[in-house]
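One structure is given below, encoded as structure tokens.
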There are 2 protein chains.
Amino acid sequence: MRVLGIDPGLNQTGYGVVVRDGRQLLVLDAGLVRPGPASTRIEERLAALYDGVFGILARHQPGALALEEVFSHGRFPGSALWIAHARAVVCLAAAKADVPVESYAPATVKQAITGYGRATKEQVQHMVGVRLGADAPRSADVADALALAITHLDAVGSVMLSAAKHPAGRPPVPQTLRPAQGDK
Amino acid sequence: MRVLGIDPGLNQTGYGVVVRDGRQLLVLDAGLVRPGPASTRIEERLAALYDGVFGILARHQPGALALEEVFSHGRFPGSALWIAHARAVVCLAAAKADVPVESYAPATVKQAITGYGRATKEQVQHMVGVRLGADAPRSADVADALALAITHLDAVGSVMLSAAKHPAGRPPVPQTLRPAQGDK
């Protein structure tokens, strides 16, 4: 299965396409979509981001698009509203390309990649490189995108493994993929 | 000039198309786009909203789309993140239809419609009806959308009037269209 992970932002959006080949994870493509400078009208930046993501979806035809969850509880800084704008057009591109969106809490991604739900950005960057048998991505946004793709591939792999062990019932959710307490 | 006002939301999005005919404002179309129940996948709801708004743009070909501003300062409840998702696909539809987006602060809209920047929803609803020579819209979301369209038509009208009076320079921003103090 091929998974596109995306870390959306209006300044730059990180993306990474990862595929599982046996026990090995391979990066097919990774980089940044830049929706244009802050002086550009918001609707034009959103259109540039949409077109960029739709192009990646068309090129790689992934089985899923992995994103960070939206937290609807609590209060957020205003900048989160612009990230939500970027996230929305990424979701729309997925719908138009007929690719399902899967969301993971940040702590779930950190736990899946580093084994620790409160890992730093640097730890995630480092461990993404280790998991992919490559140098750590220099961009934290690309690393986060790849981490999301790996998290979803791990989740799907674990479920398939559990399904093989428990053919009669629904497999249990892997412990490492449960969100950390108090992080919702 | 024909203006489409939109009050975005994932449960329902209010819209209203208003045109100025001499001194009279006329509603060409108004109603709600419903992007589907909360049980539907978010990407499908965003696609339904996008298609709905794009259809309205194609049908009426307005000269502008008027929305509420995004406030990037301060902190917001989590529900604002979902409104931002809806707002983003409305902006994208405008970009794809080549219609410029104009944004107004809520206090600016209330001031323009009722003469008071802290008017209640009911006052806005009532005065929208008065301005349009019609019954007050029953839906507050439709009323807000129509209020945005009227606010933009007033702003454009004032600027044209001022430009006629001040042909040499850029006309001053009308006092009634400045955001209220402390409301940013």
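Scheme for the structure tokens: letters A, B, ... for chains in order shown; per-chain residue numbers from 1; ligand numbers from 1 in order shown.
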
Counting only C-alpha atoms, collect the residues of chain B whose closest atom lies at most 7 Å from chain A, and write them out as number ranges by chain.
B: 43-44, 46-47, 71-79, 81, 84-85, 88-89, 91-92, 95

I need the chosen residues saved as an mmCIF file, in the first residue's frame, with N, CA, C and O atoms.
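Dumped to again-v9.cif:
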data_model
loop_
_atom_site.group_PDB
_atom_site.id
_atom_site.type_symbol
_atom_site.label_atom_id
_atom_site.label_comp_id
_atom_site.auth_asym_id
_atom_site.auth_seq_id
_atom_site.Cartn_x
_atom_site.Cartn_y
_atom_site.Cartn_z
ATOM 1 N N GLU B 43 -14.020 14.935 4.233
ATOM 2 C CA GLU B 43 -13.609 15.299 2.867
ATOM 3 C C GLU B 43 -14.801 15.300 1.916
ATOM 4 O O GLU B 43 -14.855 16.099 0.977
ATOM 5 N N GLU B 44 -15.795 14.427 2.205
ATOM 6 C CA GLU B 44 -16.997 14.392 1.370
ATOM 7 C C GLU B 44 -17.875 15.623 1.623
ATOM 8 O O GLU B 44 -18.478 16.170 0.696
ATOM 9 N N LEU B 46 -16.756 18.554 2.615
ATOM 10 C CA LEU B 46 -16.078 19.698 2.002
ATOM 11 C C LEU B 46 -16.297 19.698 0.492
ATOM 12 O O LEU B 46 -16.472 20.758 -0.118
ATOM 13 N N ALA B 47 -16.294 18.514 -0.122
ATOM 14 C CA ALA B 47 -16.524 18.420 -1.570
ATOM 15 C C ALA B 47 -17.955 18.854 -1.913
ATOM 16 O O ALA B 47 -18.179 19.563 -2.908
ATOM 17 N N PHE B 71 -9.812 36.206 12.013
ATOM 18 C CA PHE B 71 -9.032 36.941 13.009
ATOM 19 C C PHE B 71 -7.850 36.106 13.426
ATOM 20 O O PHE B 71 -8.010 35.032 13.974
ATOM 21 N N SER B 72 -6.653 36.595 13.133
ATOM 22 C CA SER B 72 -5.451 35.809 13.409
ATOM 23 C C SER B 72 -4.866 36.140 14.774
ATOM 24 O O SER B 72 -3.850 35.591 15.156
ATOM 25 N N HIS B 73 -5.494 37.064 15.485
ATOM 26 C CA HIS B 73 -4.985 37.410 16.807
ATOM 27 C C HIS B 73 -5.907 36.794 17.857
ATOM 28 O O HIS B 73 -7.090 36.605 17.614
ATOM 29 N N GLY B 74 -5.327 36.483 19.004
ATOM 30 C CA GLY B 74 -6.123 35.934 20.086
ATOM 31 C C GLY B 74 -6.277 34.433 19.952
ATOM 32 O O GLY B 74 -5.636 33.803 19.117
ATOM 33 N N ARG B 75 -7.140 33.868 20.777
ATOM 34 C CA ARG B 75 -7.361 32.420 20.795
ATOM 35 C C ARG B 75 -8.820 32.129 20.486
ATOM 36 O O ARG B 75 -9.678 32.959 20.681
ATOM 37 N N PHE B 76 -9.086 30.935 19.942
ATOM 38 C CA PHE B 76 -10.407 30.616 19.427
ATOM 39 C C PHE B 76 -10.874 29.256 19.903
ATOM 40 O O PHE B 76 -10.054 28.371 20.117
ATOM 41 N N PRO B 77 -12.200 29.063 20.012
ATOM 42 C CA PRO B 77 -12.685 27.722 20.345
ATOM 43 C C PRO B 77 -12.428 26.768 19.184
ATOM 44 O O PRO B 77 -12.304 27.196 18.030
ATOM 45 N N GLY B 78 -12.323 25.491 19.495
ATOM 46 C CA GLY B 78 -12.034 24.483 18.479
ATOM 47 C C GLY B 78 -13.028 24.480 17.334
ATOM 48 O O GLY B 78 -12.664 24.181 16.189
ATOM 49 N N SER B 79 -14.296 24.822 17.607
ATOM 50 C CA SER B 79 -15.305 24.817 16.542
ATOM 51 C C SER B 79 -14.925 25.778 15.420
ATOM 52 O O SER B 79 -15.298 25.578 14.262
ATOM 53 N N LEU B 81 -12.175 26.011 14.055
ATOM 54 C CA LEU B 81 -11.323 25.296 13.090
ATOM 55 C C LEU B 81 -12.164 24.643 11.996
ATOM 56 O O LEU B 81 -11.745 24.560 10.840
ATOM 57 N N ALA B 84 -13.326 27.345 9.694
ATOM 58 C CA ALA B 84 -12.201 27.690 8.812
ATOM 59 C C ALA B 84 -12.081 26.693 7.661
ATOM 60 O O ALA B 84 -11.769 27.079 6.532
ATOM 61 N N HIS B 85 -12.335 25.408 7.933
ATOM 62 C CA HIS B 85 -12.330 24.406 6.853
ATOM 63 C C HIS B 85 -13.374 24.781 5.787
ATOM 64 O O HIS B 85 -13.099 24.758 4.584
ATOM 65 N N ALA B 88 -12.430 27.844 3.800
ATOM 66 C CA ALA B 88 -11.350 27.609 2.833
ATOM 67 C C ALA B 88 -11.877 27.093 1.496
ATOM 68 O O ALA B 88 -11.435 27.554 0.440
ATOM 69 N N VAL B 89 -12.820 26.145 1.536
ATOM 70 C CA VAL B 89 -13.294 25.609 0.258
ATOM 71 C C VAL B 89 -14.195 26.621 -0.461
ATOM 72 O O VAL B 89 -14.286 26.606 -1.692
ATOM 73 N N CYS B 91 -13.471 29.871 -0.425
ATOM 74 C CA CYS B 91 -12.439 30.698 -1.068
ATOM 75 C C CYS B 91 -11.893 30.012 -2.317
ATOM 76 O O CYS B 91 -11.683 30.645 -3.356
ATOM 77 N N LEU B 92 -11.668 28.698 -2.207
ATOM 78 C CA LEU B 92 -11.124 27.964 -3.350
ATOM 79 C C LEU B 92 -12.109 27.985 -4.522
ATOM 80 O O LEU B 92 -11.703 28.186 -5.684
ATOM 81 N N ALA B 95 -11.773 31.230 -6.235
ATOM 82 C CA ALA B 95 -10.556 31.290 -7.057
ATOM 83 C C ALA B 95 -10.762 30.529 -8.369
ATOM 84 O O ALA B 95 -10.387 31.012 -9.442
#

Excluding same-chain residues fewer than 4 positions from Ala66 in chain A, what lies within 12 Å of it counting only C-alpha atoms, as a short mmCIF file (atom, residue, chain, number, x, y, z; two decimals) with C-alpha atoms, in the first residue's frame?
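Result went into result_11.cif, see below:
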data_model
loop_
_atom_site.label_atom_id
_atom_site.label_comp_id
_atom_site.auth_asym_id
_atom_site.auth_seq_id
_atom_site.Cartn_x
_atom_site.Cartn_y
_atom_site.Cartn_z
CA ARG A 2 1.14 3.48 -0.92
CA VAL A 3 0.36 6.32 1.52
CA LEU A 4 0.66 10.07 1.08
CA GLY A 5 1.37 11.94 4.31
CA ILE A 6 0.76 15.69 4.38
CA ASP A 7 1.65 18.43 6.88
CA PRO A 8 -0.45 21.37 5.63
CA GLY A 14 5.26 19.08 3.53
CA TYR A 15 4.41 15.86 1.73
CA GLY A 16 5.82 12.36 1.50
CA VAL A 17 4.75 9.24 -0.38
CA VAL A 18 5.81 6.01 1.34
CA PRO A 62 -2.00 6.48 -3.05
CA ARG A 87 -5.88 21.38 5.69
CA VAL A 90 -5.89 19.11 1.09
CA CYS A 91 -8.98 17.14 2.22
CA ALA A 94 -8.33 13.88 -1.63
CA VAL A 99 -8.57 8.92 -1.88
CA PRO A 100 -9.74 8.38 1.74
CA VAL A 101 -8.35 10.71 4.44
CA GLU A 102 -7.02 9.13 7.66
CA SER A 103 -6.28 11.35 10.66
CA TYR A 104 -3.92 10.79 13.59
CA ALA A 105 -3.34 12.78 16.76
CA PRO A 106 0.16 14.31 16.99
CA VAL A 109 2.37 9.87 15.38
CA ASP A 144 6.13 15.26 9.79
CA ALA A 145 4.49 14.32 6.48
CA LEU A 146 6.62 11.16 6.18
CA ALA A 147 5.93 10.35 9.86
CA LEU A 148 2.18 10.51 9.17
CA ALA A 149 2.53 8.18 6.16
CA ILE A 150 4.61 5.69 8.22
CA THR A 151 2.11 5.86 11.11
CA HIS A 152 -0.72 4.91 8.78
CA LEU A 153 1.30 2.12 7.15
CA ASP A 154 2.14 0.78 10.65
CA ALA A 155 -1.54 0.97 11.65
CA VAL A 156 -2.70 -0.87 8.54
#

Residues of chain A in helix (DSSP H, G or I), written as number ranges by chain:
A: 42-60, 79-96, 106-114, 121-132, 140-165, 175-177

I'd like to know which residues of range 36-172 of chain B are strand (DSSP E) (by DSSP, run on the backbone); could you write them as a ChimeraX atom specification?
/B:64-68,75-77,101-104

Suppose you want the space between CA of Ala38 in chain B and CA of Leu65 in chain B; what is it in Å?
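Atom-to-atom, CA of Ala38 in chain B to CA of Leu65 in chain B, that is 26.3 Å.
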
In Å to one decimal, how far is CA of Pro137 in chain B from CA of Gln125 in chain B?
6.3 Å
